[in-house]
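Before any comments, here is the structure.
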Amino acid sequence: PFKDYIKAPYKKTVSDLSEKNDNRSSDFKRPSGLSPYERERDLDFARPDFIRGKEKLKANEKGSLIHKVFELVEIKKYSRESFLEELDRLVAWELLQKEDLAYIDPQIFINFFDSDLGERIIANRSSLHRERAFTIKYQKDGIDLLVDGQIDLFFIEDGEIVIVDFKTNRSIDEDLYEGQLALYKRGLESSLNIRVKEAYIYWARHNVFTRIDHI
């Protein structure tokens with residue numbers, strides 16, 4: 001009678017539980033079901049430092065790099081000149097490699113912080129959290145699981161949470177990520193006991209913000 005407990009891992013990730021998106025979203029496909037091209041394009045692995053710089057970055061590595069820059073940069077508005085100075089600072093602190101700079105489009109970050117949502121983030125930067133990990137208990141098919149997740153960015157505004165998730169996809173399809181954002185919402189509300197009032201995706205390649213309401 002306990003065979004399901006034996007087969008099911010006790011600990012899972014947000015991606016594991018987003019079955020609705022499993023066969024459609026680059027964020028949620030399992031490696032075994034991907035073509036070699038999709039593995040190169042979609043999996044979120046960083047190339048070791050001793051290899052990087054010798055070859056061009058793959059698409060997934062560029063996406064990881066954009067996430068890393070969003071995690072590290074100072075929260076403020078930028079001109080092109082001031083953003084390049086910020087990148088130089090990160091290189092000097094050895095948080096980025098000089099070779100990375102060729103793959104970073106400053107306009108993505110200039111546009112982000114110049115947006116209405118960016119202005120709200122700047123105004124509430126004292127309550128800002130980036131790359132926040134969480135673990136929650138989740139029940140699936142009658143089995144209790146621990147679920148790990150990591151949220152790109154959230155901040156607290158007027159006593160409530162706003163989530164921002166960064167995507168570097170070539171195309172925009174917010175339906176793919178409703179399940180992911182719903183689990184982020186549940187994780188934050190469970191751990192902080194604060195209501196999530198809004199959740200957004202920033203499509204970095206397109207400079208487009210999508211508000212996800214159905215979570």
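Letters A, B, ... mark the chains of the structure tokens in the order given; residue numbers begin at 1 per chain; ligand numbers begin at 1, in order shown.
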Quick one: DSSP strand (DSSP E) residues in stretch 40-211 of chain A, as a ChimeraX atom specification? /A:129-140,143-157,160-167,196-203,208-211
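Using only C-alpha atoms, the protein and nucleic acid residues lying no more than 10 Å from stretch 208-211 of chain A, apart from those fewer than 3 places from it along its own chain, are A:Asn111, A:Phe112, A:Ser115, A:Leu117, A:Ile163, A:Val164, A:Asp165, A:Phe166, A:Ile172, A:Asp173, A:Glu174, A:Glu198, A:Ala199, A:Tyr200, A:Ile201, A:Tyr202, A:Trp203, A:Ala204, A:Arg205, A:His214.
Checking A:Gln139, A:Glu86, A:Ile75, A:Phe109 one by one against A:Ser127, counting only C-alpha atoms, you find the shortest gap at A:Ile75.
With only C-alpha atoms as the atoms that count, the residue of A:Ile66, A:Leu72, A:Ile143, A:Leu192 with the shortest distance to A:Thr168 is A:Ile66.
Here atom CA of A:Ile151 and atom CA of A:Ala133 stand 6.4 Å from one another.
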Quick one: residues within 12 Å of A:Asp158, only C-alpha atoms, excluding same-chain residues fewer than 5 positions away - as a CSV table (one decimal) with C-alpha atoms, in the first residue's frame?
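As written to disk, selection_19.csv reads:
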chain,number,residue,atom,x,y,z
A,120,ARG,CA,8.4,50.8,-8.1
A,123,ALA,CA,11.3,53.1,-4.6
A,124,ASN,CA,11.0,49.9,-2.5
A,127,SER,CA,12.5,45.5,0.9
A,194,ILE,CA,2.4,38.2,3.6
A,195,ARG,CA,-0.1,38.4,0.7
A,196,VAL,CA,1.2,38.4,-2.8
A,197,LYS,CA,-0.7,41.1,-4.6
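Shell of A:Arg130 at 10 Å, with only C-alpha atoms counted and residues fewer than 4 places along the chain excluded, is His67, Phe70, Glu71, Leu72, Gln150, Ile151, Asp152, Leu153, Phe154, Phe155 and Val164 of chain A.
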Take the residues that were just selected and, keeping C-alpha atoms, output them as an mmCIF file, in the first residue's frame.
data_model
loop_
_atom_site.group_PDB
_atom_site.id
_atom_site.type_symbol
_atom_site.label_atom_id
_atom_site.label_comp_id
_atom_site.auth_asym_id
_atom_site.auth_seq_id
_atom_site.Cartn_x
_atom_site.Cartn_y
_atom_site.Cartn_z
ATOM 1 C CA HIS A 67 19.749 36.478 -14.595
ATOM 2 C CA PHE A 70 19.941 41.232 -12.621
ATOM 3 C CA GLU A 71 20.983 39.648 -9.329
ATOM 4 C CA LEU A 72 24.184 41.691 -8.998
ATOM 5 C CA GLN A 150 14.017 30.105 -6.282
ATOM 6 C CA ILE A 151 12.423 33.467 -7.070
ATOM 7 C CA ASP A 152 14.255 35.930 -9.297
ATOM 8 C CA LEU A 153 13.016 39.057 -7.524
ATOM 9 C CA PHE A 154 10.316 40.254 -5.194
ATOM 10 C CA PHE A 155 9.683 43.322 -3.098
ATOM 11 C CA VAL A 164 9.044 39.615 -10.827
#
What is the atom CA of A:Ile136-atom CA of A:Ile156 distance in Å, reported with one decimal? 20.1 Å
Taking 3 positions as the minimum chain separation for residues in the same chain, which residues sit within 9 Å of A:Lys76 when counting only C-alpha atoms? Answer as a compact mmCIF listing (two decimals) with C-alpha atoms, in the first residue's frame.
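Output below, filename result_9.txt:
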# COMPACT_ATOMS: atom_id res chain seq x y z
CA VAL A 73 23.58 45.20 -10.34
CA PHE A 113 14.76 50.12 -14.49
CA ASP A 114 13.23 52.92 -16.58
CA GLY A 118 11.32 49.38 -12.36
CA GLU A 119 10.52 52.67 -10.66
CA ILE A 121 11.33 48.43 -7.46
CA ILE A 122 13.73 51.34 -6.97
CA ARG A 125 14.58 48.59 -2.81
